[in-house]
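Chemist: The structure under discussion is supplied below as structure tokens; questions concerning it will follow.
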Amino acid sequence: MEKLVYIALFAPFVGSLFAGLFFARSPKNIIVGIVNPALIFISWLASVALAFHVAEHGAIHVTMMDWISAGALHIPFGFVVDEVSVTMMVVVTTVSTVVHVYSNGYMDNDKSFNRFFSYLSAFVFSMMVLVMSDNFAGLFIGWEGVGVCSWLLIGFWYHKKDVTPDINPAISPSYAANEAFIMNRIADLGMLVGIFLIYWNVGSLQYDVVFKALPHLADGILVAIAIALFIGAMGKSAQFPLHTWLTDAMEGPTPVSALIHAATMVTAGVFLVIRANPLYSLDAVSNVSYFIAALGTFVAFFAASMALVNRDLKRIIAYSTLSQLGYMFAAAGLGAYWIALFHLAAHAFFKALLFLGAGNVMHAMDDELDIFKMGGLKKVMRGTYLYMGVASLALAGIPPLAGYFSKDAIIETAFNEGTYILWFTLVFTAGLTAFYSFRQVFLTFEGEERYKKFGFHPHEMYRYVLIAMSPLAILAVIAGWFQGSFHEFITTLLPDYEMSHHTHHNAWWLGLLVLAFAVTGILIAYVKYARKGDKAFKQDEKVESGFFYKLLMNQYYIPAFYVEFIIKPYTVISDKFWAIDKAVVDATVDFIAKVIYKTGDSARVMQNGNLSSYLNWMGIGAVLLILASAIAVVMG
């Protein structure tokens, strides 16, 4: 089994080196397009085999080598494959395999095809390090690795400007990449503080050692560690107020959005809270856990509200990702860790499918993203229409698709805990989710063929790409059916969470209520955008001048606030300090250099090669030394 652990971990790393070292400067190479997806598939096979082994025989611990050994600090380069990590491994490699195959078609004409695959495989390797590590230091290595790879992939088209300034702020890929990187570095400072606090108070960073020691720490230390680690999770999973980078990251290639910003990296924060469940389950940090649940609920509604009016196909899906991350944090904060992980897995499949479907639409529409310029695409893109319809039904929580089982379990948890404000907010948000999900589906695929007015000639994606997407479509349908098996599997490690008798007794009407909100949202979207046609746009034009529309379209003016009160003042202060640096520090250094240069230049006359001149200087030196000695004697 140890060999399988190394295969699952290092196969993506080999793929990254293969594409980067051997084909970095060559044009598109079909070998890269075959080898890299094959290596990710091998990693998937190893992960699935490890999942079956863990189910039967328990966790696997592997220590590759000693990494840091200095005094009392001992950190091995070790890995643990248990129920939580292997679930993440299967999810990551499943989506990654599909995305790698899909990228062969989507990036077909890109001049940096090989470089893209090198970055993409490097990201998968970093994510595997993150989820497989058996200590907080190793987790942080993977944490920073996915951050660097995300920066490389979001800014992959660094030479491009924003192509849709009419529906979005003018943000370039380079700006979006830097924003994501910097926002995450701010949060990572909090995570580092948490890791330092753990080591100072426990003397180890190994999960098993740390979790056993937690009950013996002071309450104040536990609260500080819980808050610090969650700050790191907030940045990686784009929770308010560190959320703005996620939608701007849509400037990267669509396969990047499907892999990083739907199924893997953005769920790392949720994974951290689930992995650290022995900490967040303690009574001493119950207020922190409730805050996590409350913030997650707020973000679920907050993001959904902005998706209601947006016209950018990818950003709408990004807002839904942000909203669903809020659902996951709500479950984790309320102690239903296995339910949070179950929704994480189910969401990964249908959300990645949605993003890849959006990529098909962009491929067909010459990278156009404005859904108001589409319509009627189902006639020429039946396969994509089917996939995005299925994914949207799963996202909306319509039975018997995956989202129905996972998201409803989270809503039921909020009711079970007696947090009725959180419960109703999540129920209402489910209705909003259904509305905006099918708003984009109907505006894109139903109604009149508006794209003809703009000179587009859409076409369906390559057939092999559609075939490659089919596993995600199947999983979006059936993943929820394995809720019972997953519950039995995962609760051998995570705390079991079961509904009370009262909640179980009322489960039928709770489910019907959520379903009613979802169906109502779909019906409103259908009537407004699929049946009314041009009337819907005339109504929207009237709404666009309203206060609430502008508020939502401008993301509650939070990005503008950051620009006006953080970025611009910081730039002004930096300019002032740069002027001081130039006038004082640089001038001082330059003056010293000039003095030394002038002194050396003046002294150079002594080195003229003339023996008589040398003897004269020696005589002068001897006289000066005698005078100095005489003065010293007199003064003494």
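Ordering of the structure tokens sets the chain letters (A, B, ...), residue numbers begin anew at 1 in every chain, and ligands are numbered from 1 in the order given.
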Can you pull out the residues contacting Ala394 of chain A? Cut-off 7 Å, using only C-alpha atoms, and skip same-chain residues under 3 positions away; I want them as a list of chain:residue names.
Modeler: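 My list of contacting residues is A:Phe350, A:Val390, A:Ala391, A:Gly397, A:Ile398, A:Leu401, A:Ala402, A:Gly403, A:Tyr404, A:Ala476.
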Chemist: Would you kindly return, as a ChimeraX atom specification, each protein, DNA or RNA residue with an atom no farther than 12 Å from any atom of Leu259 of chain A, considering only C-alpha atoms and excluding same-chain residues fewer than 3 positions away?
Modeler: /A:91-100,102-103,120-121,123-124,127,146,149-150,153-154,250,252-256,262-267,321,348-356
Chemist: Pick out each residue of segment 228-388 of chain A that DSSP on the backbone tags as alpha helix (DSSP H); I need them as a VMD selection string.
Modeler: chain A and resid 228 to 236 244 to 248 254 to 259 268 to 275 277 to 280 286 to 307 313 to 333 337 to 364 382 to 388
Chemist: Suppose you want the space between atom CA of Leu205 of chain A and atom CA of Val273 of chain A; what is it in Å?
Modeler: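 Computing it gives 15.9 Å between the two atoms.
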Chemist: Which residues are near Arg185 of chain A? Cut-off 9 Å, only C-alpha atoms, ignore same chain within fewer than 3 positions. Put them as a list in words.
Modeler: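 Listed by chain and then number, they are Glu144, Gly147, Ala180, Phe181, Ile182, Asp188, Leu189, Gly232 and Gly235 of chain A.
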Chemist: Just the residues within 6 Å of segment 405-419 of chain A, please, counting only C-alpha atoms, with nothing from its chain fewer than 6 positions along; format it as a ChimeraX atom specification.
Modeler: /A:331,343,480,503
Chemist: Can those selected residues be exported to a file as a PDB file, in the first residue's frame so that it contains N, CA, C and O atoms?
Modeler:
ATOM      1  N   ALA A 331     -22.371  23.894   7.937  1.00  0.00           N
ATOM      2  CA  ALA A 331     -22.439  22.527   8.471  1.00  0.00           C
ATOM      3  C   ALA A 331     -21.274  22.245   9.411  1.00  0.00           C
ATOM      4  O   ALA A 331     -21.464  21.696  10.508  1.00  0.00           O
ATOM      5  N   HIS A 343     -21.143  17.272   1.275  1.00  0.00           N
ATOM      6  CA  HIS A 343     -21.549  18.321   0.332  1.00  0.00           C
ATOM      7  C   HIS A 343     -20.346  18.815  -0.469  1.00  0.00           C
ATOM      8  O   HIS A 343     -20.486  19.151  -1.656  1.00  0.00           O
ATOM      9  N   GLY A 480     -25.382  11.492  -4.544  1.00  0.00           N
ATOM     10  CA  GLY A 480     -26.188  11.586  -3.332  1.00  0.00           C
ATOM     11  C   GLY A 480     -26.769  10.265  -2.878  1.00  0.00           C
ATOM     12  O   GLY A 480     -27.134  10.107  -1.694  1.00  0.00           O
ATOM     13  N   THR A 503     -36.392  16.361  14.885  1.00  0.00           N
ATOM     14  CA  THR A 503     -36.038  16.743  13.516  1.00  0.00           C
ATOM     15  C   THR A 503     -36.356  15.616  12.542  1.00  0.00           C
ATOM     16  O   THR A 503     -36.886  15.861  11.453  1.00  0.00           O
TER      17      THR A 503
END
Chemist: As a list in words, please: the residues near Ser133 of chain A (cut-off 8 Å, only C-alpha atoms, same-chain neighbours under 2 positions excluded).
Modeler: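 Contacts, with the query itself left out: Phe77, Gly78, Phe79, Val80, Val129, Leu130, Val131, Asn135, Phe136, Gly138 and Leu139 of chain A.
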Chemist: With all heavy atoms retained, export the selected residues as a PDB file, in the first residue's frame.
Modeler:
ATOM      1  N   PHE A  77       8.619  14.291   6.786  1.00  0.00           N
ATOM      2  CA  PHE A  77       7.881  14.437   5.532  1.00  0.00           C
ATOM      3  C   PHE A  77       6.983  13.202   5.450  1.00  0.00           C
ATOM      4  O   PHE A  77       7.303  12.221   4.786  1.00  0.00           O
ATOM      5  CB  PHE A  77       8.855  14.518   4.355  1.00  0.00           C
ATOM      6  CG  PHE A  77       8.267  15.183   3.141  1.00  0.00           C
ATOM      7  CD1 PHE A  77       7.843  16.498   3.186  1.00  0.00           C
ATOM      8  CD2 PHE A  77       8.134  14.495   1.951  1.00  0.00           C
ATOM      9  CE1 PHE A  77       7.306  17.118   2.076  1.00  0.00           C
ATOM     10  CE2 PHE A  77       7.597  15.105   0.827  1.00  0.00           C
ATOM     11  CZ  PHE A  77       7.180  16.423   0.888  1.00  0.00           C
ATOM     12  N   GLY A  78       5.852  13.281   6.167  1.00  0.00           N
ATOM     13  CA  GLY A  78       4.991  12.118   6.318  1.00  0.00           C
ATOM     14  C   GLY A  78       3.593  12.357   5.797  1.00  0.00           C
ATOM     15  O   GLY A  78       3.146  13.507   5.651  1.00  0.00           O
ATOM     16  N   PHE A  79       2.896  11.256   5.537  1.00  0.00           N
ATOM     17  CA  PHE A  79       1.562  11.324   4.962  1.00  0.00           C
ATOM     18  C   PHE A  79       0.636  10.355   5.679  1.00  0.00           C
ATOM     19  O   PHE A  79       1.060   9.305   6.168  1.00  0.00           O
ATOM     20  CB  PHE A  79       1.602  10.997   3.466  1.00  0.00           C
ATOM     21  CG  PHE A  79       2.586  11.836   2.698  1.00  0.00           C
ATOM     22  CD1 PHE A  79       3.859  11.369   2.423  1.00  0.00           C
ATOM     23  CD2 PHE A  79       2.246  13.109   2.291  1.00  0.00           C
ATOM     24  CE1 PHE A  79       4.781  12.149   1.746  1.00  0.00           C
ATOM     25  CE2 PHE A  79       3.156  13.903   1.612  1.00  0.00           C
ATOM     26  CZ  PHE A  79       4.422  13.423   1.329  1.00  0.00           C
ATOM     27  N   VAL A  80      -0.634  10.720   5.736  1.00  0.00           N
ATOM     28  CA  VAL A  80      -1.648   9.851   6.301  1.00  0.00           C
ATOM     29  C   VAL A  80      -2.785   9.721   5.297  1.00  0.00           C
ATOM     30  O   VAL A  80      -3.266  10.721   4.754  1.00  0.00           O
ATOM     31  CB  VAL A  80      -2.163  10.388   7.654  1.00  0.00           C
ATOM     32  CG1 VAL A  80      -2.754  11.790   7.529  1.00  0.00           C
ATOM     33  CG2 VAL A  80      -3.177   9.425   8.247  1.00  0.00           C
ATOM     34  N   VAL A 129      -0.487  17.025  -1.709  1.00  0.00           N
ATOM     35  CA  VAL A 129       0.363  17.222  -0.529  1.00  0.00           C
ATOM     36  C   VAL A 129      -0.469  17.818   0.600  1.00  0.00           C
ATOM     37  O   VAL A 129      -0.369  17.397   1.764  1.00  0.00           O
ATOM     38  CB  VAL A 129       1.556  18.139  -0.857  1.00  0.00           C
ATOM     39  CG1 VAL A 129       2.313  18.524   0.415  1.00  0.00           C
ATOM     40  CG2 VAL A 129       2.501  17.461  -1.838  1.00  0.00           C
ATOM     41  N   LEU A 130      -1.312  18.784   0.264  1.00  0.00           N
ATOM     42  CA  LEU A 130      -2.142  19.453   1.262  1.00  0.00           C
ATOM     43  C   LEU A 130      -3.047  18.469   1.996  1.00  0.00           C
ATOM     44  O   LEU A 130      -3.121  18.467   3.230  1.00  0.00           O
ATOM     45  CB  LEU A 130      -2.977  20.547   0.568  1.00  0.00           C
ATOM     46  CG  LEU A 130      -3.748  21.544   1.425  1.00  0.00           C
ATOM     47  CD1 LEU A 130      -4.036  22.815   0.612  1.00  0.00           C
ATOM     48  CD2 LEU A 130      -5.069  20.991   1.936  1.00  0.00           C
ATOM     49  N   VAL A 131      -3.738  17.617   1.242  1.00  0.00           N
ATOM     50  CA  VAL A 131      -4.738  16.745   1.869  1.00  0.00           C
ATOM     51  C   VAL A 131      -4.130  15.483   2.473  1.00  0.00           C
ATOM     52  O   VAL A 131      -4.729  14.867   3.363  1.00  0.00           O
ATOM     53  CB  VAL A 131      -5.852  16.366   0.871  1.00  0.00           C
ATOM     54  CG1 VAL A 131      -6.548  17.612   0.345  1.00  0.00           C
ATOM     55  CG2 VAL A 131      -5.326  15.524  -0.284  1.00  0.00           C
ATOM     56  N   ASN A 135       0.784  16.343   9.125  1.00  0.00           N
ATOM     57  CA  ASN A 135       1.133  17.391  10.084  1.00  0.00           C
ATOM     58  C   ASN A 135       0.811  18.760   9.490  1.00  0.00           C
ATOM     59  O   ASN A 135       0.624  18.909   8.279  1.00  0.00           O
ATOM     60  CB  ASN A 135       2.614  17.311  10.461  1.00  0.00           C
ATOM     61  CG  ASN A 135       3.527  17.491   9.279  1.00  0.00           C
ATOM     62  OD1 ASN A 135       3.791  18.600   8.831  1.00  0.00           O
ATOM     63  ND2 ASN A 135       4.020  16.372   8.719  1.00  0.00           N
ATOM     64  N   PHE A 136       0.753  19.767  10.367  1.00  0.00           N
ATOM     65  CA  PHE A 136       0.361  21.113   9.934  1.00  0.00           C
ATOM     66  C   PHE A 136       1.420  21.761   9.049  1.00  0.00           C
ATOM     67  O   PHE A 136       1.081  22.570   8.187  1.00  0.00           O
ATOM     68  CB  PHE A 136       0.084  21.993  11.160  1.00  0.00           C
ATOM     69  CG  PHE A 136      -1.234  21.731  11.809  1.00  0.00           C
ATOM     70  CD1 PHE A 136      -1.323  20.945  12.947  1.00  0.00           C
ATOM     71  CD2 PHE A 136      -2.398  22.263  11.283  1.00  0.00           C
ATOM     72  CE1 PHE A 136      -2.544  20.703  13.556  1.00  0.00           C
ATOM     73  CE2 PHE A 136      -3.623  22.026  11.869  1.00  0.00           C
ATOM     74  CZ  PHE A 136      -3.704  21.237  13.014  1.00  0.00           C
ATOM     75  N   GLY A 138       3.394  20.199   6.799  1.00  0.00           N
ATOM     76  CA  GLY A 138       3.200  19.652   5.459  1.00  0.00           C
ATOM     77  C   GLY A 138       1.956  20.205   4.809  1.00  0.00           C
ATOM     78  O   GLY A 138       1.933  20.499   3.603  1.00  0.00           O
ATOM     79  N   LEU A 139       0.890  20.346   5.594  1.00  0.00           N
ATOM     80  CA  LEU A 139      -0.335  20.948   5.070  1.00  0.00           C
ATOM     81  C   LEU A 139      -0.052  22.355   4.564  1.00  0.00           C
ATOM     82  O   LEU A 139      -0.549  22.755   3.501  1.00  0.00           O
ATOM     83  CB  LEU A 139      -1.404  20.979   6.168  1.00  0.00           C
ATOM     84  CG  LEU A 139      -2.758  21.617   5.814  1.00  0.00           C
ATOM     85  CD1 LEU A 139      -3.903  20.860   6.475  1.00  0.00           C
ATOM     86  CD2 LEU A 139      -2.813  23.089   6.251  1.00  0.00           C
TER      87      LEU A 139
END
Chemist: Find the spatial neighbours of Ala318 of chain A, counting only C-alpha atoms, within a cut-off of 9 Å - ignore same-chain residues fewer than 4 positions away - and output them as a list in words.
Modeler: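 The contact residues come out as Leu246, Thr247, Ala249, Met250, Ser257, His261, Ala262, Ala303, Ala307, Leu313, Lys314, Leu322, Ser323 and Phe355 of chain A.
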Chemist: Create the file for the chosen residues now, containing C-alpha atoms and written as a PDB file, in the first residue's frame.
Modeler:
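Once written, selection_10.pdb looks like this:
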ATOM      1  CA  LEU A 246     -12.756  34.422  -6.299  1.00  0.00           C
ATOM      2  CA  THR A 247     -15.015  36.032  -8.905  1.00  0.00           C
ATOM      3  CA  ALA A 249     -10.205  34.803 -10.754  1.00  0.00           C
ATOM      4  CA  MET A 250     -12.589  33.946 -13.597  1.00  0.00           C
ATOM      5  CA  SER A 257     -12.043  27.610 -12.831  1.00  0.00           C
ATOM      6  CA  HIS A 261     -12.290  27.424  -8.067  1.00  0.00           C
ATOM      7  CA  ALA A 262     -15.010  24.798  -7.904  1.00  0.00           C
ATOM      8  CA  ALA A 303     -23.079  35.524  -2.749  1.00  0.00           C
ATOM      9  CA  ALA A 307     -25.578  36.193  -8.694  1.00  0.00           C
ATOM     10  CA  LEU A 313     -21.678  33.331 -17.302  1.00  0.00           C
ATOM     11  CA  LYS A 314     -18.567  32.305 -15.366  1.00  0.00           C
ATOM     12  CA  LEU A 322     -18.937  31.070  -2.997  1.00  0.00           C
ATOM     13  CA  SER A 323     -22.488  30.482  -1.795  1.00  0.00           C
ATOM     14  CA  PHE A 355     -17.799  25.352 -15.308  1.00  0.00           C
TER      15      PHE A 355
END
Chemist: Which distance in Å separates atom CA of Lys550 of chain A and atom CA of Arg450 of chain A, to one decimal?
Modeler: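 If I compute the distance from atom CA of Lys550 of chain A to atom CA of Arg450 of chain A, I get 24.5 Å.
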Chemist: Mind running segment 336-446 of chain A against segment 489-496 of chain A at 12 Å and telling me each contacting residue's nearest atom pair with the distance in Å (one decimal), counting only C-alpha atoms, chain and number ascending, as CSV?
Modeler:
residue,atom,partner,partner_atom,distance
A:Ala336,CA,A:Asp496,CA,7.7
A:Tyr337,CA,A:Leu494,CA,6.8
A:Trp338,CA,A:Leu494,CA,6.4
A:Ile339,CA,A:Asp496,CA,9.5
A:Ala340,CA,A:Leu494,CA,11.0
A:Leu341,CA,A:Ile490,CA,9.0
A:Phe342,CA,A:Ile490,CA,9.2
Chemist: Restricting the output to C-alpha atoms, write the selected residues as an mmCIF file, in the first residue's frame.
Modeler:
data_model
loop_
_atom_site.group_PDB
_atom_site.id
_atom_site.type_symbol
_atom_site.label_atom_id
_atom_site.label_comp_id
_atom_site.auth_asym_id
_atom_site.auth_seq_id
_atom_site.Cartn_x
_atom_site.Cartn_y
_atom_site.Cartn_z
ATOM 1 C CA ALA A 336 -21.877 18.210 11.219
ATOM 2 C CA TYR A 337 -18.399 17.636 9.782
ATOM 3 C CA TRP A 338 -19.276 14.556 7.773
ATOM 4 C CA ILE A 339 -22.208 16.378 6.164
ATOM 5 C CA ALA A 340 -19.908 19.286 5.246
ATOM 6 C CA LEU A 341 -17.478 16.838 3.628
ATOM 7 C CA PHE A 342 -20.304 15.054 1.826
#
Chemist: Under the rule that only C-alpha atoms are counted, which of A:Arg315, A:His243, A:His216, A:His347 is the nearest residue to Leu279 of chain A?
Modeler: A:His216
Chemist: At most 6 Å is the cut-off: for each residue in segment 68-153 of chain A with any atom that close to an atom of segment 5-17 of chain A, write down the nearest atom pair and the distance in Å rounded to one decimal, counting only C-alpha atoms, chain first then increasing number, as CSV.
Modeler:
residue,atom,partner,partner_atom,distance
A:Ser118,CA,A:Ser16,CA,4.1
A:Ser121,CA,A:Ser16,CA,4.9
A:Ala122,CA,A:Ser16,CA,5.2
A:Phe125,CA,A:Pro12,CA,5.2
A:Met128,CA,A:Leu9,CA,6.0
Chemist: Would you please work out which residue, of A:Val90, A:Asp283, A:Ser289, A:Lys212, is nearest to Leu229 of chain A when using only C-alpha atoms?
Modeler: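 Smallest separation from Leu229 of chain A among the options: A:Ser289.
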Chemist: Using only C-alpha atoms, which of the listed residues (A:Leu152, A:Leu523, A:Thr244, A:Ile573) sits closest to Ala560 of chain A?
Modeler: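 Among the listed residues, A:Thr244 lies closest to Ala560 of chain A.
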Chemist: One number please: atom CA of Phe271 of chain A to atom CA of Leu308 of chain A, in Å, one decimal.
Modeler: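 Calculated distance between atom CA of Phe271 of chain A and atom CA of Leu308 of chain A is 28.2 Å.
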